[in-house]
$ cat query-v7.txt   # compact mmCIF, C-alpha atoms and all ligand atoms
# COMPACT_ATOMS: atom_id res chain seq x y z
CA MET A 145 6.96 22.80 15.59
CA ASN A 146 5.63 24.29 12.34
CA VAL A 147 5.57 21.98 9.31
CA LEU A 148 5.04 23.04 5.70
CA GLY A 149 3.74 20.32 3.35
CA ILE A 150 3.73 20.63 -0.44
CA GLU A 151 2.02 18.27 -2.88
CA SER A 152 2.38 18.62 -6.66
CA SER A 153 2.53 15.09 -8.04
CA CYS A 154 -0.39 15.31 -10.47
CA ASP A 155 -3.21 17.80 -11.05
CA GLU A 156 -3.60 19.26 -7.56
CA THR A 157 -1.29 21.89 -6.12
CA SER A 158 -1.65 21.77 -2.38
CA VAL A 159 0.03 23.54 0.52
CA ALA A 160 -0.57 22.70 4.17
CA ILE A 161 0.77 23.81 7.52
CA ILE A 162 0.77 21.74 10.69
CA SER A 163 1.48 23.76 13.80
CA ASP A 164 2.16 21.88 17.05
CA ASP A 165 0.42 18.76 15.69
CA LYS A 166 -2.63 20.75 14.60
CA LEU A 167 -3.53 21.24 10.94
CA VAL A 168 -3.87 25.00 10.53
CA ALA A 169 -3.93 25.27 6.71
CA ASN A 170 -4.68 22.90 3.82
CA LEU A 171 -5.18 24.74 0.55
CA ILE A 172 -5.89 22.71 -2.58
CA SER A 173 -5.92 24.15 -6.08
CA SER A 174 -7.30 21.68 -8.64
CA GLN A 175 -6.38 21.95 -12.30
CA ASP A 176 -9.85 21.50 -13.76
CA PHE A 177 -8.74 22.48 -17.27
CA HIS A 178 -7.47 18.92 -17.96
CA GLU A 179 -11.08 17.77 -18.27
CA LYS A 180 -11.34 18.95 -21.86
CA TYR A 181 -8.35 16.77 -22.83
CA GLY A 182 -9.89 13.66 -21.22
CA GLY A 183 -6.94 13.24 -18.83
CA VAL A 184 -4.01 15.06 -17.25
CA VAL A 185 -1.57 16.72 -19.71
CA PRO A 186 1.80 16.57 -17.88
CA GLU A 187 3.38 19.70 -19.41
CA LEU A 188 0.31 21.82 -18.68
CA SER A 189 0.20 20.43 -15.18
CA SER A 190 3.83 21.48 -14.45
CA ARG A 191 3.20 24.99 -15.74
CA ALA A 192 0.07 25.39 -13.64
CA HIS A 193 1.89 24.19 -10.50
CA LEU A 194 4.62 26.75 -11.20
CA GLN A 195 2.07 29.56 -11.46
CA ILE A 196 0.04 28.74 -8.38
CA LEU A 197 2.55 27.34 -5.88
CA LEU A 198 4.11 30.55 -4.51
CA PRO A 199 0.78 32.42 -4.13
CA LEU A 200 -0.64 29.33 -2.40
CA VAL A 201 2.31 29.14 0.04
CA LYS A 202 1.88 32.84 0.86
CA LYS A 203 -1.86 32.37 1.35
CA ALA A 204 -1.36 29.35 3.62
CA LEU A 205 1.19 31.22 5.78
CA ALA A 206 -1.04 34.28 6.01
CA GLY A 207 -4.11 32.17 6.84
CA ALA A 208 -2.21 30.35 9.59
CA ASN A 209 -0.71 33.61 10.81
CA ILE A 210 2.80 32.16 10.58
CA SER A 211 5.79 33.85 8.94
CA SER A 212 8.04 31.87 6.62
CA ASP A 213 10.95 31.98 9.09
CA GLN A 214 8.75 30.29 11.72
CA ILE A 215 8.58 27.13 9.58
CA ASP A 216 10.84 24.42 11.09
CA LEU A 217 10.31 21.50 8.75
CA VAL A 218 9.66 21.53 4.98
CA CYS A 219 8.13 18.42 3.36
CA ALA A 220 7.35 17.84 -0.30
CA THR A 221 6.11 14.92 -2.37
CA ALA A 222 9.14 13.33 -4.02
CA GLY A 223 7.32 10.71 -6.10
CA PRO A 224 5.80 8.72 -7.55
CA GLY A 225 4.00 11.09 -9.89
CA LEU A 226 4.48 13.18 -13.02
CA ILE A 227 8.17 14.10 -13.15
CA GLY A 228 7.78 17.72 -14.24
CA ALA A 229 4.96 18.32 -11.80
CA LEU A 230 6.89 16.78 -8.89
CA LEU A 231 9.99 18.81 -9.65
CA VAL A 232 8.05 22.07 -9.22
CA GLY A 233 7.04 21.30 -5.62
CA LEU A 234 10.22 19.46 -4.73
CA SER A 235 12.58 22.15 -6.05
CA PHE A 236 10.58 24.88 -4.36
CA ALA A 237 10.64 23.02 -1.04
CA LYS A 238 14.36 22.31 -1.26
CA GLY A 239 15.11 25.94 -2.14
CA PHE A 240 12.93 27.19 0.70
CA ALA A 241 14.53 24.86 3.25
CA TYR A 242 18.11 25.38 2.04
CA SER A 243 17.97 29.16 1.97
CA ALA A 244 16.26 29.41 5.36
CA LYS A 245 18.40 26.62 6.92
CA LYS A 246 15.37 24.47 7.74
CA ILE A 247 14.99 20.70 7.85
CA PHE A 248 13.85 19.15 4.59
CA ILE A 249 12.05 15.80 4.24
CA PRO A 250 11.06 14.30 0.88
CA VAL A 251 7.86 12.26 1.18
CA ASN A 252 6.70 9.28 -0.83
CA HIS A 253 3.25 10.06 -2.26
CA ILE A 254 1.71 6.67 -1.36
CA GLU A 255 3.00 6.98 2.20
CA GLY A 256 1.38 10.41 2.23
CA HIS A 257 -1.98 8.82 1.35
CA ILE A 258 -1.50 6.16 4.05
CA TYR A 259 -0.98 8.91 6.63
CA SER A 260 -4.10 10.83 5.56
CA GLY A 261 -5.81 8.46 8.02
CA PHE A 262 -3.78 10.04 10.83
CA LEU A 263 -5.27 13.45 10.05
CA MET A 264 -8.53 12.21 11.58
CA ASN A 265 -9.24 12.62 15.30
CA ASP A 266 -9.59 8.87 15.73
CA LYS A 267 -6.33 7.48 14.29
CA PRO A 268 -5.46 3.98 13.04
CA GLU A 269 -3.79 1.69 15.56
CA PHE A 270 -0.81 -0.51 14.63
CA PRO A 271 -0.79 -3.07 13.22
CA TYR A 272 -3.49 -2.28 10.71
CA LEU A 273 -4.61 -3.07 7.17
CA CYS A 274 -4.56 -0.15 4.77
CA LEU A 275 -6.19 -0.18 1.33
CA VAL A 276 -4.64 2.53 -0.87
CA VAL A 277 -6.80 3.20 -3.91
CA SER A 278 -5.94 6.10 -6.20
CA GLY A 279 -5.67 6.95 -9.88
CA GLY A 280 -2.20 5.43 -10.07
CA HIS A 281 -2.06 2.87 -7.26
CA THR A 282 -3.95 0.01 -5.69
CA LEU A 283 -2.22 -1.51 -2.68
CA LEU A 284 -3.22 -3.64 0.27
CA LEU A 285 -0.75 -2.98 3.07
CA LEU A 286 -0.03 -4.27 6.54
CA VAL A 287 1.14 -1.19 8.42
CA GLU A 288 3.09 -2.39 11.45
CA SER A 289 4.78 0.85 12.47
CA ASP A 290 5.76 4.21 10.94
CA THR A 291 8.71 2.59 9.20
CA GLU A 292 7.53 -0.99 8.65
CA ILE A 293 4.92 -1.23 5.94
CA LYS A 294 4.40 -4.64 4.30
CA LYS A 295 2.92 -4.87 0.83
CA LEU A 296 0.42 -7.76 0.81
CA GLY A 297 -0.93 -7.12 -2.66
CA THR A 298 -1.00 -4.68 -5.53
CA THR A 299 -2.62 -4.38 -8.94
CA ILE A 300 -1.13 -6.48 -11.68
CA ASP A 301 -2.51 -4.12 -14.35
CA ASP A 302 -4.73 -1.02 -13.98
CA ALA A 303 -5.17 0.91 -10.74
CA ALA A 304 -8.69 1.11 -9.27
CA GLY A 305 -9.09 4.82 -10.09
CA GLU A 306 -7.74 4.22 -13.58
CA ALA A 307 -10.48 1.60 -14.11
CA PHE A 308 -13.14 4.13 -13.04
CA ASP A 309 -11.59 6.73 -15.35
CA LYS A 310 -11.43 4.38 -18.34
CA ILE A 311 -14.99 3.09 -17.97
CA SER A 312 -16.23 6.65 -17.52
CA LYS A 313 -14.50 7.65 -20.75
CA LEU A 314 -15.97 4.61 -22.51
CA LEU A 315 -19.49 5.51 -21.33
CA GLY A 316 -18.97 9.13 -22.40
CA PHE A 317 -19.07 10.62 -18.88
CA GLY A 318 -15.62 12.24 -19.07
CA TYR A 319 -12.78 12.81 -16.58
CA PRO A 320 -12.23 12.30 -13.67
CA GLY A 321 -14.29 9.16 -13.94
CA GLY A 322 -14.77 8.14 -10.31
CA PRO A 323 -17.18 10.87 -9.25
CA LYS A 324 -19.02 10.67 -12.60
CA ILE A 325 -19.56 6.91 -12.38
CA GLN A 326 -20.67 7.30 -8.77
CA GLU A 327 -23.20 9.95 -9.74
CA ALA A 328 -24.56 7.94 -12.68
CA ALA A 329 -24.83 4.82 -10.51
CA LEU A 330 -26.67 6.57 -7.70
CA ASN A 331 -29.88 4.75 -6.71
CA GLN A 332 -29.55 2.26 -9.59
CA ARG A 333 -29.79 -1.50 -9.23
CA THR A 334 -26.38 -3.19 -9.22
CA ASP A 335 -27.35 -6.50 -10.86
CA TYR A 336 -28.09 -5.33 -14.39
CA LYS A 337 -24.99 -7.21 -15.52
CA ASP A 338 -22.74 -9.39 -13.38
CA PHE A 339 -19.25 -8.29 -14.42
CA PRO A 340 -16.64 -10.83 -13.25
CA ILE A 341 -13.94 -10.24 -10.63
CA ALA A 342 -10.48 -11.46 -11.60
CA GLN A 343 -8.62 -14.07 -9.55
CA CYS A 344 -4.87 -13.50 -9.21
CA LYS A 345 -1.99 -15.84 -8.38
CA ASN A 346 -1.25 -13.88 -5.22
CA GLU A 347 -4.52 -13.93 -3.27
CA TYR A 348 -4.13 -10.26 -2.26
CA ASP A 349 -3.36 -8.90 -5.72
CA PHE A 350 -5.89 -6.95 -7.77
CA SER A 351 -6.66 -6.89 -11.49
CA PHE A 352 -9.00 -4.51 -13.28
CA SER A 353 -8.17 -4.98 -16.94
CA GLY A 354 -10.44 -8.06 -17.25
CA LEU A 355 -13.32 -6.09 -15.74
CA LYS A 356 -12.70 -3.26 -18.19
CA THR A 357 -12.64 -5.70 -21.13
CA SER A 358 -15.83 -7.42 -20.02
CA VAL A 359 -17.65 -4.06 -19.84
CA LEU A 360 -16.39 -3.26 -23.34
CA ARG A 361 -17.43 -6.69 -24.73
CA PHE A 362 -20.87 -6.41 -23.13
CA ILE A 363 -21.40 -2.99 -24.74
CA GLN A 364 -20.27 -4.24 -28.14
CA LYS A 365 -22.54 -7.30 -27.93
CA GLU A 366 -25.65 -5.55 -26.59
CA TYR A 367 -25.47 -2.12 -28.24
CA GLY A 368 -22.86 -2.30 -31.00
CA GLU A 369 -21.06 0.76 -29.63
CA ALA A 370 -21.13 3.01 -26.57
CA SER A 371 -22.76 5.97 -28.37
CA LYS A 372 -25.86 3.82 -28.98
CA ILE A 373 -26.49 3.04 -25.29
CA PRO A 374 -29.72 4.67 -24.01
CA ALA A 375 -29.18 7.05 -21.04
CA ASP A 376 -30.95 4.82 -18.50
CA HIS A 377 -28.82 1.83 -19.56
CA LEU A 378 -25.66 3.94 -19.15
CA GLN A 379 -26.63 4.37 -15.52
CA LEU A 380 -27.28 0.64 -15.10
CA ILE A 381 -23.91 -0.28 -16.62
CA ALA A 382 -22.17 2.31 -14.40
CA ALA A 383 -23.88 0.81 -11.32
CA SER A 384 -22.96 -2.78 -12.24
CA PHE A 385 -19.36 -1.78 -12.97
CA GLN A 386 -19.05 0.15 -9.70
CA TYR A 387 -20.45 -2.80 -7.77
CA SER A 388 -17.89 -5.19 -9.31
CA ALA A 389 -14.98 -2.77 -8.85
CA VAL A 390 -15.89 -2.26 -5.19
CA ARG A 391 -16.28 -6.00 -4.60
CA ALA A 392 -12.91 -6.63 -6.28
CA LEU A 393 -11.39 -4.42 -3.59
CA THR A 394 -13.34 -5.50 -0.51
CA THR A 395 -13.00 -9.26 -1.09
CA LYS A 396 -9.20 -8.91 -0.79
CA VAL A 397 -9.49 -6.84 2.37
CA GLU A 398 -11.83 -9.45 3.84
CA LYS A 399 -9.36 -12.22 3.01
CA ALA A 400 -6.60 -10.29 4.78
CA LEU A 401 -8.85 -9.70 7.79
CA GLN A 402 -9.28 -13.47 8.09
CA ASN A 403 -5.51 -14.08 7.96
CA TYR A 404 -3.94 -11.17 9.86
CA ASP A 405 -4.53 -10.13 13.43
CA VAL A 406 -4.93 -6.36 13.14
CA SER A 407 -6.33 -3.58 15.31
CA SER A 408 -7.77 -1.34 12.61
CA ILE A 409 -8.57 -1.05 8.93
CA SER A 410 -8.07 2.09 6.87
CA LEU A 411 -9.17 3.13 3.39
CA VAL A 412 -7.26 5.96 1.69
CA GLY A 413 -6.60 7.59 -1.71
CA GLY A 414 -8.79 9.31 -4.29
CA VAL A 415 -11.07 6.29 -4.77
CA ALA A 416 -11.69 6.20 -1.01
CA ALA A 417 -14.13 9.04 -1.75
CA ASN A 418 -16.43 6.44 -3.33
CA LYS A 419 -19.63 6.16 -1.33
CA MET A 420 -20.31 2.51 -2.05
CA LEU A 421 -16.71 1.55 -1.22
CA ARG A 422 -16.92 3.47 2.08
CA GLU A 423 -20.16 1.72 2.94
CA GLU A 424 -18.80 -1.75 2.14
CA PHE A 425 -15.66 -0.99 4.14
CA GLN A 426 -17.82 0.06 7.07
CA LYS A 427 -19.71 -3.26 6.87
CA LEU A 428 -16.38 -5.14 6.99
CA SER A 429 -15.25 -3.20 10.04
CA VAL A 430 -18.50 -4.08 11.84
CA ARG A 431 -18.42 -7.75 10.76
CA TYR A 432 -14.81 -8.22 11.92
CA ASN A 433 -15.09 -5.85 14.88
CA LYS A 434 -12.19 -3.61 13.81
CA LYS A 435 -11.72 0.10 14.23
CA MET A 436 -12.17 1.80 10.86
CA VAL A 437 -10.37 4.96 9.78
CA VAL A 438 -11.42 6.55 6.50
CA PRO A 439 -10.36 10.17 5.92
CA SER A 440 -12.99 12.83 5.29
CA LEU A 441 -13.42 13.65 1.58
CA GLU A 442 -11.03 16.65 1.74
CA PHE A 443 -8.17 14.26 2.57
CA CYS A 444 -8.99 11.42 0.13
CA GLY A 445 -7.67 13.15 -2.98
CA ASP A 446 -4.17 14.61 -3.18
CA ASN A 447 -3.47 17.13 -0.45
CA GLY A 448 -0.54 18.82 1.29
CA ALA A 449 -1.77 17.92 4.78
CA MET A 450 -1.00 14.22 4.34
CA ILE A 451 2.49 15.09 3.05
CA ALA A 452 3.18 17.41 5.99
CA TYR A 453 1.94 14.80 8.46
CA ARG A 454 3.96 11.93 6.96
CA GLY A 455 7.07 14.13 6.88
CA LEU A 456 6.51 15.06 10.51
CA ARG A 457 6.21 11.38 11.53
CA LEU A 458 9.46 10.57 9.67
CA HIS A 459 11.17 13.47 11.44
CA GLN A 460 9.84 12.26 14.81
CA ASN A 461 11.31 8.83 13.98
CA GLY A 462 14.74 10.43 13.53
CA ILE A 463 14.79 9.98 9.73
CA LYS A 464 17.12 12.55 8.18
CA TYR A 465 17.84 13.78 4.67
CA GLY A 466 20.38 16.31 3.54
CA PHE A 467 20.00 18.22 0.32
CA ASP A 468 22.29 15.78 -1.44
CA PHE A 469 19.86 12.86 -1.49
CA ASN A 470 19.84 10.96 -4.75
CA ALA A 471 18.36 13.00 -7.53
CA PHE A 472 15.17 12.00 -9.27
CA PRO A 473 14.13 9.35 -10.28
CA SER A 474 15.73 7.12 -7.64
CA LEU A 475 14.16 9.30 -4.97
CA ALA A 476 10.74 8.29 -6.25
CA ASP A 477 11.56 4.76 -5.17
CA HIS A 478 12.46 5.88 -1.67
CA THR A 479 9.84 4.28 0.54
CA PHE A 480 9.31 2.29 3.71
CA ILE A 481 6.88 0.02 1.88
CA ARG A 482 8.46 -3.43 1.55
O1 LIG B 1 -5.44 10.09 -5.01
P1 LIG B 1 -5.88 10.82 -6.24
O2 LIG B 1 -6.53 12.17 -6.07
O3 LIG B 1 -4.70 10.99 -7.24
C1 LIG B 1 -3.75 9.99 -7.44
O4 LIG B 1 -2.78 9.92 -6.64
O5 LIG B 1 -3.97 9.21 -8.39
O6 LIG B 1 -6.91 9.84 -7.01
C2 LIG B 1 -7.54 10.21 -8.19
C3 LIG B 1 -8.44 9.06 -8.61
C4 LIG B 1 -9.05 9.24 -10.01
O7 LIG B 1 -8.85 8.07 -10.74
C5 LIG B 1 -10.54 9.46 -9.71
O8 LIG B 1 -11.40 9.01 -10.74
C6 LIG B 1 -10.71 8.66 -8.45
O9 LIG B 1 -9.55 8.92 -7.70
N1 LIG B 1 -11.91 9.06 -7.69
C7 LIG B 1 -12.97 8.24 -7.47
C8 LIG B 1 -13.93 9.03 -6.78
N2 LIG B 1 -13.42 10.28 -6.61
C9 LIG B 1 -12.18 10.28 -7.17
N3 LIG B 1 -13.17 6.96 -7.80
C10 LIG B 1 -14.36 6.41 -7.45
N4 LIG B 1 -15.34 7.10 -6.82
C11 LIG B 1 -15.17 8.40 -6.46
N5 LIG B 1 -16.16 9.06 -5.84
ZN ZN B 2 -2.62 10.55 -4.88
$ encode --input "query-v7.txt" --output "structure tokens" --more "lines below"
Ligand code: KG4
Ligand code: ZN
Amino acid sequence: MNVLGIESSCDETSVAIISDDKLVANLISSQDFHEKYGGVVPELSSRAHLQILLPLVKKALAGANISSDQIDLVCATAGPGLIGALLVGLSFAKGFAYSAKKIFIPVNHIEGHIYSGFLMNDKPEFPYLCLVVSGGHTLLLLVESDTEIKKLGTTIDDAAGEAFDKISKLLGFGYPGGPKIQEAALNQRTDYKDFPIAQCKNEYDFSFSGLKTSVLRFIQKEYGEASKIPADHLQLIAASFQYSAVRALTTKVEKALQNYDVSSISLVGGVAANKMLREEFQKLSVRYNKKMVVPSLEFCGDNGAMIAYRGLRLHQNGIKYGFDFNAFPSLADHTFIR
């Protein structure tokens, strides 16, 4: 079976092809031009997806040596994400599938990230704990099967990636913040300032707005304003922030490991690219003797491969969609996460 996966929920246009369970193409085109605006501009994102999507599909098919009529299953991200951006990929995929009489499966973006773990040779084993950390989402999930995903906790304010992006902006590093904070924090001590980790009513929930405020207050108190922070102190603040943000995530995973009997743990989403987070996750997997699945960097950020794979798993589970599924935005809510 040949599966086409399309991702266009934010600032990456990505097209992937899975052929007989093997990933044979995963092209990612990143919209770097948003950097000068300090964040993603939705209208510009939609236009860029529209320009690049068809050439990318053609390139993926050519690279995989597959003709468009050999595609059996078409999958596209249906949400959540930027509405205009999503509609570009979704409408293209629906049009492609409808005209060629192929099967179409809309895929929830978060479920796509969860299944990026399955793109690795060594796959997660059910039931497992999955930490989804991206620019828009922070979720701790108990994945029991392909169609039973329990939400243990989520963020009550900012997402983890959003916190990295906001602190990066505050420190003058720019967008996207995660990689910039990581770079600034490299080889720095982490105890320059002990930024607090928020406690939430639900023990598995996350909160990052308090951490953000405490970084801001510290800067105001010590330096007056961010532009007056010496370069070496910027690195120390970045390192202390990163340490707290990572601990805010791993303490919840550790709590869940103590309370749920699972086979594996998995870390996915854009923030899963963070080196310190990967290292701390690894330590947890060793301490609790659990198999760990963390996707390679190519599959941490948004990509079509995870969408194709999730769509394929839904198809294998007998999940069907016509072309008359509820129109956006209710489709964005379609998910097996409960
Ligand atoms: O999954 P993703 O590509 O898009 C969303 O679905 O949101 O995640 C993007 C987020 C951004 O907030 C970015 O700053 C963050 O992932 N990120 C990182 C790192 N690389 C990307 N955060 C921390 N450390 C990194 N190395
Ligand atoms: Zn994402």
$ closest_residue --input "query-v7.txt" --among "A:Ala389, A:Leu283, A:Ala303, A:Leu263" --to "Glu424 (chain A)" --atoms "only C-alpha atoms"
A:Ala389
$ residues_around --input "query-v7.txt" --residues "region 316-323 of chain A" --least-positions-apart "5" --cutoff "7 Å" --atoms "all atoms listed in the file" --output "PyMOL selection string"
chain A and resi 179+182-183+305+308-309+415
$ residues_near_ligand --input "query-v7.txt" --ligand "ligand LIG 1 (chain B)" --cutoff "9 Å" --atoms "all atoms listed in the file" --output "count of residues only"
49
$ atom_distance --input "query-v7.txt" --atom1 "CA of Leu273 (chain A)" --atom2 "CA of Leu411 (chain A)"
8.6 Å
$ residues_around --input "query-v7.txt" --residues "Leu217 (chain A)" --least-positions-apart "2" --cutoff "8 Å" --atoms "all atoms listed in the file" --output "compact mmCIF listing (two decimals) with C-alpha atoms, keeping the file's coordinate frame"
# COMPACT_ATOMS: atom_id res chain seq x y z
CA MET A 145 6.96 22.80 15.59
CA ASN A 146 5.63 24.29 12.34
CA VAL A 147 5.57 21.98 9.31
CA LEU A 148 5.04 23.04 5.70
CA ILE A 215 8.58 27.13 9.58
CA CYS A 219 8.13 18.42 3.36
CA ALA A 241 14.53 24.86 3.25
CA LYS A 246 15.37 24.47 7.74
CA ILE A 247 14.99 20.70 7.85
CA PHE A 248 13.85 19.15 4.59
CA ILE A 249 12.05 15.80 4.24
CA LEU A 456 6.51 15.06 10.51
$ atom_distance --input "query-v7.txt" --atom1 "CA of Pro199 (chain A)" --atom2 "CA of Ala160 (chain A)"
12.9 Å
$ atom_distance --input "query-v7.txt" --atom1 "CA of Pro268 (chain A)" --atom2 "CA of Ile161 (chain A)"
21.5 Å
$ residues_around --input "query-v7.txt" --residues "Leu286 (chain A)" --least-positions-apart "5" --cutoff "7 Å" --atoms "all atoms listed in the file" --output "list in words"
Pro271, Tyr272, Leu273, Cys274, Ile293, Lys294, Lys295 and Leu296 of chain A
$ residues_near_point --input "query-v7.txt" --point "(-27.5, 10.3, -15.4)" --cutoff "12 Å" --atoms "all atoms listed in the file" --output "number ranges by chain"
A: 315-317, 324-332, 374-383
$ closest_residue --input "query-v7.txt" --among "A:Ser243, A:Lys313, A:Val184, A:Asp302" --to "Ala370 (chain A)" --atoms "all atoms listed in the file"
A:Lys313
$ closest_residue --input "query-v7.txt" --among "A:Phe352, A:Phe480, A:Tyr336, A:Phe443" --to "ligand ZN 2 (chain B)" --atoms "all atoms listed in the file"
A:Phe443
$ axis_aligned_box --input "query-v7.txt" --around "region 338-353 of chain A" --padding-each-side "3 Å" --output "JSON"
{"center_x": -12.0, "center_y": -10.2, "center_z": -9.6, "size_x": 27.5, "size_y": 17.3, "size_z": 20.7}
$ closest_residue --input "query-v7.txt" --among "A:Gly261, A:Gly462, A:Gly149, A:Gly297" --to "Lys238 (chain A)" --atoms "all atoms listed in the file"
A:Gly149
$ closest_residue --input "query-v7.txt" --among "A:Tyr259, A:Phe467, A:Phe350, A:Tyr242" --to "ligand ZN 2 (chain B)" --atoms "all atoms listed in the file"
A:Tyr259
